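**Q** Quick one: structure below, then a few questions.
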Amino acid sequence: MKLWAGRFQKETDFLVNDFNSSIQFDYRLYEEDIKGSIAHATMLGETGIIAKEEAGKIISGLEQILKDIEDKKIEFSIENEDIHMNVEQLLTERIGDTGKRLHTARSRNDQVALDIRLYLKKEIKNTTSILLTLEKALCKKAEQHLETVMPGYTHLQRAQPSTYAHYLMAYAEMFKRDIGRLSDCFERMDELPLGSGALAATTYPIDREMVKEALGFKRITSNSLDGVSDRDFAIELASALSIIMMHLSRFSEEIILWCSFEFHFLELDDAFSTGSSIMPQKKNPDVAELTRGKTGRVYGSLITLLTVMKSLPLAYNKDMQEDKEAIFDAVDTVKQCLNVFVPMFESLTIKKDRMRNAASGGFINATDCADYLVKKGVPFRDAYMIVGRLVNMCIKMDENLETLTLKDFRAISDAFGDDVYDALSLRTCVNERVVPGGPAVLEVKRQIERIEKFISEYGE
Ligand code: ARG
């Protein structure tokens, strides 16, 4: 019999049972639901809203249910719709009428608002810890490649000299901000909604502060209507997760491109690539491609959540049950991608020679050549024009700037001296860029140190 059967004269149609129920996906909130109920029952007992002995009976009943779920001894039922009613029903079956007192001063609306918050707080911590592992991996690789010169690109055209370490630390900064976004989101989510009731709180003298302490929240929500109505915390998390995926997708795209025969800057470990069913020579970057592809799924969840919530009148509406699959899938996908991305990245082989060769062509030291002239007193715009003419000359002669003779240089400008060759060497071009943020070895070391400090402080 349904918990709310009193009001009805007919059984629910089986199609409705099936359609209405969320137990198929919200069963995963069982631990949060039971812990929430234990805290609630404890408070009901302490405040005298129910007798202490009854609270005790409820609590041990709930503890036993938790254990049985973990031992896979429980089968949930669609009849009981969702995790909240399944647990309550089980409790009453086991301990009798006392179980019926648990729902005093509480509604499923504040129960579900509580459970998702508890669950997502846990998942934010889990996701953050995998991101920190990625940060460590980035720092470690960067330390090994401080002098691995490669071209930096704009428009996917070779642009200026950089290093693989400098490139990696750019991603370290992005993922650091992602961690920051997760933590901001956690901070805003860290409010206990329980006590909001269905929407207008309750007339019982509940102690919300006590429940807040028991469940480890920082604050209690300050308006009961808001407490049960909004899912902005899940939307905010989906948005932070989408940004993580956007970063991972760009990173993946470069791995895919750089593992191609044409670039061949990187090579995937056999354990992290796949073959083709027909072309024997193939070694495919499936992990990076799937990560790129799954980005769409996470964005999809964000749009689902935004659309579900759009135009909903306050307070709870059943539409809101649709939040769970979306946010669960977003969290699962991000964790799954990160978990395989990290070892895939760590096991990449870096083709230093290929990177250096690419950096030696394409006139990526052209800006440095102009800067050289500026240091000799030539105004930048004139220097820019002179180097443009030199590049044009090189293209015609099939040379690079550094392979021109001094005579060639001086034919265009007599500001050139034989120190130009040193100024144009890749080593100089990289190491002269020592201003904060630049790719010079010394500066990238500082960037690594800052991220390492961030990682170690985060763990505290
Ligand atoms: N299963 C519901 C959900 O996920 C729980 C809240 C139900 N509340 C209600 N008034 N029907 O949203």
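We label chains A, B, ... in the order they appear in the structure tokens, count residues from 1 in each chain, and number ligands from 1 in the order shown.
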Around ligand 1, out to 6 Å and counting only C-alpha atoms and all ligand atoms, which residues are there? I want them as a ChimeraX atom specification.
**A** /A:22,82,108-109,112,318,320-321
**Q** Would you mind listing what lies within 7 Å of A:Ser196 as a PyMOL selection string, with only C-alpha atoms counted and same-chain residues fewer than 5 positions away left out?
**A** chain A and resi 110+201+224-225+227-228
**Q** Keeping only C-alpha atoms, write the selected residues to a file as an mmCIF file, in the first residue's frame.
**A**
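Result file selection_18.cif:
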data_model
loop_
_atom_site.group_PDB
_atom_site.id
_atom_site.type_symbol
_atom_site.label_atom_id
_atom_site.label_comp_id
_atom_site.auth_asym_id
_atom_site.auth_seq_id
_atom_site.Cartn_x
_atom_site.Cartn_y
_atom_site.Cartn_z
ATOM 1 C CA ASP A 110 13.524 18.861 2.043
ATOM 2 C CA ALA A 201 8.946 24.888 7.414
ATOM 3 C CA SER A 224 12.340 27.408 3.686
ATOM 4 C CA LEU A 225 10.734 28.183 0.342
ATOM 5 C CA GLY A 227 15.553 25.641 0.624
ATOM 6 C CA VAL A 228 13.311 23.219 -1.256
#
**Q** Can you pull out the residues contacting stretch 403-418 of chain A? Cut-off 9 Å, using only C-alpha atoms, and skip same-chain residues under 4 positions away; I want them as a list in words.
**A**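 Surrounding residues, per the criterion: Tyr372, Leu373, Lys376, Gly377, Val378, Ile386, Val387, Arg389, Leu390, Met393, Cys394, Glu399 and Asp422 of chain A.
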**Q** Write the residues of the selection above to a file with C-alpha atoms, as a CSV table (one decimal), in the first residue's frame.
**A**
chain,number,residue,atom,x,y,z
A,372,TYR,CA,66.9,42.5,-31.7
A,373,LEU,CA,66.7,45.5,-34.0
A,376,LYS,CA,69.8,48.4,-31.6
A,377,GLY,CA,67.7,51.5,-31.6
A,378,VAL,CA,65.3,50.8,-34.6
A,386,ILE,CA,62.6,44.9,-42.1
A,387,VAL,CA,62.1,41.4,-40.7
A,389,ARG,CA,61.4,41.6,-46.0
A,390,LEU,CA,64.0,39.2,-44.6
A,393,MET,CA,63.9,36.7,-48.9
A,394,CYS,CA,64.3,33.5,-46.9
A,399,GLU,CA,66.5,29.5,-46.0
A,422,ASP,CA,72.9,34.3,-30.9
**Q** Do a neighbour search on stretch 232-235 of chain A at 9 Å with only C-alpha atoms, toss out local chain neighbours closer than 5 positions, and write the hits as a list of chain:residue names.
**A** A:Ile116, A:Arg117, A:Leu120, A:Cys185, A:Phe186, A:Arg188, A:Met189, A:Ala240, A:Ser301, A:Leu302, A:Ile303, A:Leu305, A:Leu306, A:Met309, A:Asp323, A:Ile327
**Q** Take the residues that were just selected and, keeping N, CA, C and O atoms, output them as a short mmCIF file (atom, residue, chain, number, x, y, z; two decimals), in the first residue's frame.
**A**
data_model
loop_
_atom_site.label_atom_id
_atom_site.label_comp_id
_atom_site.auth_asym_id
_atom_site.auth_seq_id
_atom_site.Cartn_x
_atom_site.Cartn_y
_atom_site.Cartn_z
N ILE A 116 20.72 15.35 -2.13
CA ILE A 116 21.57 15.71 -3.30
C ILE A 116 22.71 16.59 -2.85
O ILE A 116 23.84 16.45 -3.32
N ARG A 117 22.43 17.51 -1.92
CA ARG A 117 23.53 18.36 -1.46
C ARG A 117 24.63 17.51 -0.82
O ARG A 117 25.81 17.68 -1.12
N LEU A 120 26.47 15.54 -3.58
CA LEU A 120 27.32 16.35 -4.46
C LEU A 120 28.53 16.92 -3.71
O LEU A 120 29.61 17.06 -4.29
N CYS A 185 31.75 26.41 -5.47
CA CYS A 185 30.44 25.78 -5.58
C CYS A 185 30.13 25.00 -4.29
O CYS A 185 29.02 25.06 -3.77
N PHE A 186 31.14 24.31 -3.78
CA PHE A 186 31.00 23.56 -2.53
C PHE A 186 30.57 24.50 -1.41
O PHE A 186 29.64 24.24 -0.65
N ARG A 188 29.03 27.36 -1.50
CA ARG A 188 27.64 27.83 -1.58
C ARG A 188 26.64 26.71 -1.31
O ARG A 188 25.53 26.95 -0.86
N MET A 189 27.07 25.47 -1.63
CA MET A 189 26.17 24.33 -1.45
C MET A 189 26.09 23.87 0.00
O MET A 189 25.24 23.09 0.38
N ALA A 240 30.62 24.12 -13.65
CA ALA A 240 32.05 23.92 -13.35
C ALA A 240 32.56 22.64 -14.03
O ALA A 240 33.67 22.61 -14.57
N SER A 301 24.10 17.80 -19.91
CA SER A 301 23.53 17.77 -18.56
C SER A 301 23.28 19.18 -18.04
O SER A 301 22.26 19.45 -17.40
N LEU A 302 24.22 20.06 -18.32
CA LEU A 302 24.05 21.45 -17.87
C LEU A 302 22.79 22.05 -18.50
O LEU A 302 21.96 22.66 -17.81
N ILE A 303 22.62 21.82 -19.78
CA ILE A 303 21.44 22.38 -20.48
C ILE A 303 20.16 21.71 -19.97
O ILE A 303 19.13 22.36 -19.80
N LEU A 305 19.60 20.59 -16.96
CA LEU A 305 19.27 21.17 -15.65
C LEU A 305 18.71 22.59 -15.79
O LEU A 305 17.71 22.94 -15.14
N LEU A 306 19.36 23.38 -16.62
CA LEU A 306 18.87 24.76 -16.79
C LEU A 306 17.45 24.76 -17.34
O LEU A 306 16.60 25.54 -16.92
N MET A 309 14.70 23.61 -14.82
CA MET A 309 14.38 24.60 -13.79
C MET A 309 13.73 25.87 -14.33
O MET A 309 13.05 26.59 -13.59
N ASP A 323 16.45 16.23 -12.29
CA ASP A 323 17.79 16.76 -12.03
C ASP A 323 18.83 15.66 -11.81
O ASP A 323 19.99 15.80 -12.17
N ILE A 327 22.73 15.34 -13.33
CA ILE A 327 23.91 15.70 -12.54
C ILE A 327 24.75 14.46 -12.20
O ILE A 327 25.98 14.52 -12.18
#
**Q** What does the distance between atom CA of A:Asn357 and atom CA of A:Cys429 come to in Å, to one decimal place?
**A**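 Rounded to one decimal, the two atoms are 14.9 Å apart.
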**Q** How many Å lie between atom CA of A:Arg292 and atom CA of A:Cys259, rounded to one decimal?
**A**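 That distance, rounded to one decimal, is 15.0 Å.
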**Q** At a cut-off of 12 Å, using only C-alpha atoms, what residues contact stretch 437-452 of chain A? Leave out same-chain residues fewer than 4 positions from it and give the result as a ChimeraX atom specification.
**A** /A:132-152,160-177,179,426-433,456-459
**Q** Which of stretch 65-194 of chain A end up as helix (DSSP H, G or I) when DSSP is run on this backbone - answer as an MDAnalysis selection string?
**A** chainID A and resid 65:70 78:80 83:101 108:144 164:189
**Q** How about saving the chosen residues, C-alpha atoms kept, as a short mmCIF file (atom, residue, chain, number, x, y, z; two decimals), in the first residue's frame?
**A**
data_model
loop_
_atom_site.label_atom_id
_atom_site.label_comp_id
_atom_site.auth_asym_id
_atom_site.auth_seq_id
_atom_site.Cartn_x
_atom_site.Cartn_y
_atom_site.Cartn_z
CA ILE A 65 19.02 -1.04 6.71
CA LEU A 66 22.20 0.78 5.69
CA LYS A 67 24.24 -2.30 6.43
CA ASP A 68 21.85 -4.55 4.54
CA ILE A 69 21.90 -2.29 1.50
CA GLU A 70 25.68 -2.36 1.54
CA ILE A 78 9.21 0.75 -7.86
CA GLU A 79 5.93 0.76 -5.92
CA ASN A 80 7.67 2.83 -3.29
CA ILE A 83 14.84 6.09 -2.16
CA HIS A 84 13.16 8.16 0.54
CA MET A 85 9.94 6.16 0.57
CA ASN A 86 11.73 2.86 0.09
CA VAL A 87 13.82 3.43 3.20
CA GLU A 88 10.87 4.63 5.25
CA GLN A 89 8.75 1.68 4.17
CA LEU A 90 11.51 -0.79 4.99
CA LEU A 91 11.92 0.78 8.40
CA THR A 92 8.24 0.48 9.22
CA GLU A 93 8.17 -3.11 8.00
CA ARG A 94 11.06 -3.89 10.32
CA ILE A 95 10.35 -1.92 13.48
CA GLY A 96 6.60 -1.48 13.24
CA ASP A 97 4.62 1.64 14.07
CA THR A 98 7.57 3.52 15.55
CA GLY A 99 8.95 3.76 12.01
CA LYS A 100 5.96 5.90 11.13
CA ARG A 101 7.20 8.62 13.47
CA ARG A 108 10.34 14.46 1.01
CA ASN A 109 10.98 17.85 -0.54
CA ASP A 110 13.52 18.86 2.04
CA GLN A 111 14.78 15.30 2.23
CA VAL A 112 15.67 15.24 -1.46
CA ALA A 113 17.18 18.73 -1.27
CA LEU A 114 19.34 17.46 1.58
CA ASP A 115 20.38 14.18 -0.04
CA ILE A 116 21.57 15.71 -3.30
CA ARG A 117 23.53 18.36 -1.46
CA LEU A 118 25.24 15.74 0.71
CA TYR A 119 25.94 13.55 -2.31
CA LEU A 120 27.32 16.35 -4.46
CA LYS A 121 29.51 17.67 -1.66
CA LYS A 122 31.12 14.22 -1.50
CA GLU A 123 31.52 14.09 -5.28
CA ILE A 124 33.07 17.56 -5.42
CA LYS A 125 35.74 16.30 -3.02
CA ASN A 126 36.31 13.20 -5.15
CA THR A 127 36.58 15.16 -8.37
CA THR A 128 38.92 17.68 -6.78
CA SER A 129 41.23 14.96 -5.63
CA ILE A 130 41.56 13.52 -9.16
CA LEU A 131 42.19 17.02 -10.50
CA LEU A 132 44.97 17.42 -7.94
CA THR A 133 46.53 14.19 -9.24
CA LEU A 134 46.43 15.67 -12.73
CA GLU A 135 48.09 18.84 -11.42
CA LYS A 136 50.87 16.75 -9.90
CA ALA A 137 51.36 14.85 -13.15
CA LEU A 138 51.56 18.13 -15.08
CA CYS A 139 54.20 19.55 -12.72
CA LYS A 140 56.24 16.37 -12.87
CA LYS A 141 56.28 16.28 -16.67
CA ALA A 142 56.95 20.00 -16.87
CA GLU A 143 60.02 19.61 -14.66
CA GLN A 144 61.39 17.06 -17.14
CA TYR A 164 56.63 21.81 -23.60
CA ALA A 165 56.90 22.69 -19.90
CA HIS A 166 55.44 26.15 -20.51
CA TYR A 167 52.63 24.59 -22.50
CA LEU A 168 51.84 22.07 -19.75
CA MET A 169 51.83 24.71 -17.07
CA ALA A 170 49.19 26.62 -19.03
CA TYR A 171 46.88 23.64 -18.46
CA ALA A 172 47.96 23.47 -14.82
CA GLU A 173 46.65 27.03 -14.41
CA MET A 174 43.35 26.15 -16.08
CA PHE A 175 42.80 23.10 -13.88
CA LYS A 176 43.75 25.15 -10.85
CA ARG A 177 40.92 27.54 -11.64
CA ASP A 178 38.65 24.52 -12.14
CA ILE A 179 39.49 23.37 -8.64
CA GLY A 180 38.70 26.89 -7.43
CA ARG A 181 35.33 26.79 -9.16
CA LEU A 182 34.50 23.45 -7.53
CA SER A 183 35.44 24.80 -4.16
CA ASP A 184 33.34 27.98 -4.60
CA CYS A 185 30.44 25.78 -5.58
CA PHE A 186 31.00 23.56 -2.53
CA GLU A 187 31.02 26.61 -0.31
CA ARG A 188 27.64 27.83 -1.58
CA MET A 189 26.17 24.33 -1.45
#
**Q** Hey, what's within 12 Å of stretch 44-57 of chain A if we count only C-alpha atoms and toss same-chain stuff fewer than 2 positions away? As an NGL selection string, please?
**A** :A and (37-42 or 59-64 or 91-92 or 94-106 or 195 or 203-211)
**Q** Please save N, CA and C atoms of the selected residues as an mmCIF file, in the first residue's frame.
**A**
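Output file part-v5.cif is given in full below:
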data_model
loop_
_atom_site.group_PDB
_atom_site.id
_atom_site.type_symbol
_atom_site.label_atom_id
_atom_site.label_comp_id
_atom_site.auth_asym_id
_atom_site.auth_seq_id
_atom_site.Cartn_x
_atom_site.Cartn_y
_atom_site.Cartn_z
ATOM 1 N N SER A 37 18.329 10.827 7.766
ATOM 2 C CA SER A 37 17.227 10.384 8.628
ATOM 3 C C SER A 37 17.711 10.120 10.049
ATOM 4 N N ILE A 38 18.920 9.592 10.156
ATOM 5 C CA ILE A 38 19.454 9.340 11.507
ATOM 6 C C ILE A 38 19.622 10.672 12.260
ATOM 7 N N ALA A 39 20.166 11.662 11.562
ATOM 8 C CA ALA A 39 20.359 12.971 12.205
ATOM 9 C C ALA A 39 19.001 13.579 12.582
ATOM 10 N N HIS A 40 18.039 13.409 11.697
ATOM 11 C CA HIS A 40 16.701 13.957 11.956
ATOM 12 C C HIS A 40 16.063 13.253 13.161
ATOM 13 N N ALA A 41 16.153 11.929 13.183
ATOM 14 C CA ALA A 41 15.550 11.168 14.287
ATOM 15 C C ALA A 41 16.227 11.506 15.616
ATOM 16 N N THR A 42 17.543 11.652 15.574
ATOM 17 C CA THR A 42 18.264 12.016 16.802
ATOM 18 C C THR A 42 17.732 13.335 17.340
ATOM 19 N N ILE A 59 16.766 4.795 14.909
ATOM 20 C CA ILE A 59 18.175 4.902 14.510
ATOM 21 C C ILE A 59 18.792 3.522 14.303
ATOM 22 N N SER A 60 18.552 2.596 15.226
ATOM 23 C CA SER A 60 19.179 1.280 14.999
ATOM 24 C C SER A 60 18.539 0.564 13.814
ATOM 25 N N GLY A 61 17.253 0.797 13.590
ATOM 26 C CA GLY A 61 16.612 0.229 12.398
ATOM 27 C C GLY A 61 17.268 0.760 11.127
ATOM 28 N N LEU A 62 17.515 2.069 11.116
ATOM 29 C CA LEU A 62 18.127 2.681 9.926
ATOM 30 C C LEU A 62 19.555 2.170 9.716
ATOM 31 N N GLU A 63 20.256 2.025 10.831
ATOM 32 C CA GLU A 63 21.644 1.530 10.709
ATOM 33 C C GLU A 63 21.671 0.129 10.111
ATOM 34 N N GLN A 64 20.702 -0.674 10.543
ATOM 35 C CA GLN A 64 20.643 -2.042 10.020
ATOM 36 C C GLN A 64 20.290 -2.028 8.517
ATOM 37 N N LEU A 91 11.792 0.550 6.961
ATOM 38 C CA LEU A 91 11.922 0.781 8.397
ATOM 39 C C LEU A 91 10.643 0.368 9.113
ATOM 40 N N THR A 92 9.520 0.792 8.578
ATOM 41 C CA THR A 92 8.242 0.475 9.221
ATOM 42 C C THR A 92 7.974 -1.035 9.184
ATOM 43 N N ARG A 94 10.161 -3.233 9.365
ATOM 44 C CA ARG A 94 11.056 -3.889 10.319
ATOM 45 C C ARG A 94 10.769 -3.546 11.771
ATOM 46 N N ILE A 95 10.493 -2.266 12.053
ATOM 47 C CA ILE A 95 10.353 -1.919 13.481
ATOM 48 C C ILE A 95 8.911 -1.599 13.872
ATOM 49 N N GLY A 96 8.017 -1.701 12.920
ATOM 50 C CA GLY A 96 6.600 -1.477 13.239
ATOM 51 C C GLY A 96 6.245 0.000 13.314
ATOM 52 N N ASP A 97 5.195 0.306 14.060
ATOM 53 C CA ASP A 97 4.615 1.641 14.073
ATOM 54 C C ASP A 97 5.591 2.768 14.412
ATOM 55 N N THR A 98 6.599 2.466 15.197
ATOM 56 C CA THR A 98 7.572 3.522 15.549
ATOM 57 C C THR A 98 8.183 4.129 14.292
ATOM 58 N N GLY A 99 8.367 3.293 13.288
ATOM 59 C CA GLY A 99 8.947 3.758 12.015
ATOM 60 C C GLY A 99 8.131 4.888 11.405
ATOM 61 N N LYS A 100 6.846 4.881 11.710
ATOM 62 C CA LYS A 100 5.964 5.897 11.131
ATOM 63 C C LYS A 100 6.189 7.276 11.744
ATOM 64 N N ARG A 101 6.967 7.317 12.820
ATOM 65 C CA ARG A 101 7.203 8.616 13.466
ATOM 66 C C ARG A 101 8.382 9.378 12.841
ATOM 67 N N LEU A 102 9.173 8.667 12.044
ATOM 68 C CA LEU A 102 10.375 9.306 11.484
ATOM 69 C C LEU A 102 10.058 10.556 10.655
ATOM 70 N N HIS A 103 8.956 10.498 9.932
ATOM 71 C CA HIS A 103 8.674 11.601 9.007
ATOM 72 C C HIS A 103 8.025 12.814 9.678
ATOM 73 N N THR A 104 7.979 12.799 11.016
ATOM 74 C CA THR A 104 7.444 13.960 11.743
ATOM 75 C C THR A 104 8.311 15.184 11.415
ATOM 76 N N ALA A 105 7.669 16.295 11.135
ATOM 77 C CA ALA A 105 8.367 17.570 10.895
ATOM 78 C C ALA A 105 9.311 17.501 9.699
ATOM 79 N N ARG A 106 8.969 16.714 8.708
ATOM 80 C CA ARG A 106 9.853 16.595 7.550
ATOM 81 C C ARG A 106 9.019 16.314 6.311
ATOM 82 N N GLY A 195 14.417 20.881 7.389
ATOM 83 C CA GLY A 195 13.713 21.804 8.289
ATOM 84 C C GLY A 195 12.860 22.751 7.456
ATOM 85 N N THR A 203 5.702 23.510 12.285
ATOM 86 C CA THR A 203 5.270 24.100 13.553
ATOM 87 C C THR A 203 5.952 23.403 14.734
ATOM 88 N N TYR A 204 6.607 22.273 14.483
ATOM 89 C CA TYR A 204 7.302 21.580 15.576
ATOM 90 C C TYR A 204 8.554 22.351 15.979
ATOM 91 N N PRO A 205 8.931 22.268 17.254
ATOM 92 C CA PRO A 205 10.124 23.028 17.698
ATOM 93 C C PRO A 205 11.429 22.298 17.336
ATOM 94 N N ILE A 206 11.692 22.142 16.034
ATOM 95 C CA ILE A 206 12.896 21.396 15.614
ATOM 96 C C ILE A 206 14.163 22.209 15.913
ATOM 97 N N ASP A 207 15.284 21.509 15.962
ATOM 98 C CA ASP A 207 16.565 22.181 16.186
ATOM 99 C C ASP A 207 17.423 21.974 14.943
ATOM 100 N N ARG A 208 17.367 22.934 14.050
ATOM 101 C CA ARG A 208 18.079 22.778 12.770
ATOM 102 C C ARG A 208 19.585 22.838 12.958
ATOM 103 N N GLU A 209 20.016 23.649 13.948
ATOM 104 C CA GLU A 209 21.459 23.771 14.191
ATOM 105 C C GLU A 209 22.058 22.419 14.579
ATOM 106 N N MET A 210 21.301 21.668 15.377
ATOM 107 C CA MET A 210 21.787 20.360 15.827
ATOM 108 C C MET A 210 21.962 19.425 14.618
ATOM 109 N N VAL A 211 20.984 19.448 13.720
ATOM 110 C CA VAL A 211 21.064 18.592 12.526
ATOM 111 C C VAL A 211 22.208 19.052 11.624
#
**Q** Select from stretch 125-264 of chain A everything DSSP, run on the backbone, classes as strand (DSSP E), then give the selection as a list in words.
**A**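 Restricting stretch 125-264 of chain A to strand (DSSP E) produces Val149, Met150, Pro151, Gly152, Tyr153, Thr154, Gln157, Arg158, Ala159, Gln160, Pro161, Ser162, Thr163, Glu191, Leu192, Arg219 and Ile220 of chain A.
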**Q** Residues of the last selection are to be written out with N, CA and C atoms, as a PDB file, in the first residue's frame.
**A**
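Final output, again.pdb:
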ATOM      1  N   VAL A 149      62.210  22.579 -26.315  1.00  0.00           N
ATOM      2  CA  VAL A 149      61.695  23.692 -27.115  1.00  0.00           C
ATOM      3  C   VAL A 149      60.668  23.185 -28.124  1.00  0.00           C
ATOM      4  N   MET A 150      59.607  23.937 -28.261  1.00  0.00           N
ATOM      5  CA  MET A 150      58.603  23.606 -29.278  1.00  0.00           C
ATOM      6  C   MET A 150      57.971  24.904 -29.772  1.00  0.00           C
ATOM      7  N   PRO A 151      57.315  24.855 -30.902  1.00  0.00           N
ATOM      8  CA  PRO A 151      56.662  26.088 -31.338  1.00  0.00           C
ATOM      9  C   PRO A 151      55.378  26.325 -30.551  1.00  0.00           C
ATOM     10  N   GLY A 152      55.089  27.569 -30.262  1.00  0.00           N
ATOM     11  CA  GLY A 152      53.761  27.906 -29.759  1.00  0.00           C
ATOM     12  C   GLY A 152      52.946  28.300 -30.981  1.00  0.00           C
ATOM     13  N   TYR A 153      51.646  28.068 -30.928  1.00  0.00           N
ATOM     14  CA  TYR A 153      50.813  28.305 -32.117  1.00  0.00           C
ATOM     15  C   TYR A 153      49.754  29.365 -31.872  1.00  0.00           C
ATOM     16  N   THR A 154      49.428  30.099 -32.917  1.00  0.00           N
ATOM     17  CA  THR A 154      48.155  30.816 -32.948  1.00  0.00           C
ATOM     18  C   THR A 154      47.560  30.471 -34.308  1.00  0.00           C
ATOM     19  N   GLN A 157      49.067  28.010 -36.581  1.00  0.00           N
ATOM     20  CA  GLN A 157      50.258  28.327 -37.364  1.00  0.00           C
ATOM     21  C   GLN A 157      51.376  28.562 -36.369  1.00  0.00           C
ATOM     22  N   ARG A 158      52.578  28.092 -36.726  1.00  0.00           N
ATOM     23  CA  ARG A 158      53.698  28.293 -35.817  1.00  0.00           C
ATOM     24  C   ARG A 158      53.875  29.785 -35.545  1.00  0.00           C
ATOM     25  N   ALA A 159      53.985  30.146 -34.264  1.00  0.00           N
ATOM     26  CA  ALA A 159      53.967  31.575 -33.928  1.00  0.00           C
ATOM     27  C   ALA A 159      55.229  32.049 -33.214  1.00  0.00           C
ATOM     28  N   GLN A 160      55.469  31.528 -32.020  1.00  0.00           N
ATOM     29  CA  GLN A 160      56.641  31.967 -31.257  1.00  0.00           C
ATOM     30  C   GLN A 160      57.226  30.777 -30.509  1.00  0.00           C
ATOM     31  N   PRO A 161      58.511  30.859 -30.163  1.00  0.00           N
ATOM     32  CA  PRO A 161      59.133  29.715 -29.486  1.00  0.00           C
ATOM     33  C   PRO A 161      58.661  29.581 -28.043  1.00  0.00           C
ATOM     34  N   SER A 162      58.457  28.347 -27.648  1.00  0.00           N
ATOM     35  CA  SER A 162      58.041  28.089 -26.276  1.00  0.00           C
ATOM     36  C   SER A 162      58.661  26.751 -25.863  1.00  0.00           C
ATOM     37  N   THR A 163      58.205  26.217 -24.726  1.00  0.00           N
ATOM     38  CA  THR A 163      58.687  24.888 -24.333  1.00  0.00           C
ATOM     39  C   THR A 163      57.482  24.031 -23.970  1.00  0.00           C
ATOM     40  N   GLU A 191      24.923  24.219   2.797  1.00  0.00           N
ATOM     41  CA  GLU A 191      23.829  24.692   3.660  1.00  0.00           C
ATOM     42  C   GLU A 191      22.815  23.591   3.875  1.00  0.00           C
ATOM     43  N   LEU A 192      22.398  23.425   5.102  1.00  0.00           N
ATOM     44  CA  LEU A 192      21.409  22.388   5.408  1.00  0.00           C
ATOM     45  C   LEU A 192      19.992  22.875   5.067  1.00  0.00           C
ATOM     46  N   ARG A 219      26.269  26.012   7.270  1.00  0.00           N
ATOM     47  CA  ARG A 219      25.151  26.897   7.632  1.00  0.00           C
ATOM     48  C   ARG A 219      23.828  26.160   7.442  1.00  0.00           C
ATOM     49  N   ILE A 220      22.746  26.802   7.885  1.00  0.00           N
ATOM     50  CA  ILE A 220      21.423  26.291   7.523  1.00  0.00           C
ATOM     51  C   ILE A 220      20.832  27.262   6.486  1.00  0.00           C
TER      52      ILE A 220
END
**Q** Can you tell me which residues surround A:Ser425 at a distance of at most 9 Å, considering only C-alpha atoms, apart from same-chain residues fewer than 5 positions away, and format the answer as a ChimeraX atom specification?
**A** /A:360,365,402,420,430
**Q** Using N, CA, C and O atoms, can you write the selected residues to a file as an mmCIF file, in the first residue's frame?
**A**
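The resulting file, result19.cif, is reproduced below:
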data_model
loop_
_atom_site.group_PDB
_atom_site.id
_atom_site.type_symbol
_atom_site.label_atom_id
_atom_site.label_comp_id
_atom_site.auth_asym_id
_atom_site.auth_seq_id
_atom_site.Cartn_x
_atom_site.Cartn_y
_atom_site.Cartn_z
ATOM 1 N N SER A 360 62.345 24.980 -35.332
ATOM 2 C CA SER A 360 63.439 25.565 -36.119
ATOM 3 C C SER A 360 62.938 26.104 -37.457
ATOM 4 O O SER A 360 63.609 26.904 -38.086
ATOM 5 N N ASN A 365 61.238 32.681 -34.860
ATOM 6 C CA ASN A 365 62.071 33.675 -34.188
ATOM 7 C C ASN A 365 61.985 35.050 -34.860
ATOM 8 O O ASN A 365 62.800 35.936 -34.595
ATOM 9 N N GLU A 402 68.099 32.157 -39.329
ATOM 10 C CA GLU A 402 69.420 31.896 -38.747
ATOM 11 C C GLU A 402 70.413 31.317 -39.750
ATOM 12 O O GLU A 402 71.607 31.233 -39.471
ATOM 13 N N VAL A 420 73.643 38.749 -34.145
ATOM 14 C CA VAL A 420 72.256 38.388 -34.500
ATOM 15 C C VAL A 420 72.028 36.868 -34.381
ATOM 16 O O VAL A 420 70.946 36.422 -34.003
ATOM 17 N N VAL A 430 63.889 31.559 -26.204
ATOM 18 C CA VAL A 430 63.067 31.096 -25.082
ATOM 19 C C VAL A 430 63.506 31.783 -23.795
ATOM 20 O O VAL A 430 62.698 32.359 -23.063
#
**Q** At what distance in Å, to one decimal, does atom CA of A:Leu257 lie from atom CA of A:Ala271?
**A**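 According to the coordinates, atom CA of A:Ala271 and atom CA of A:Leu257 are separated by 18.8 Å.
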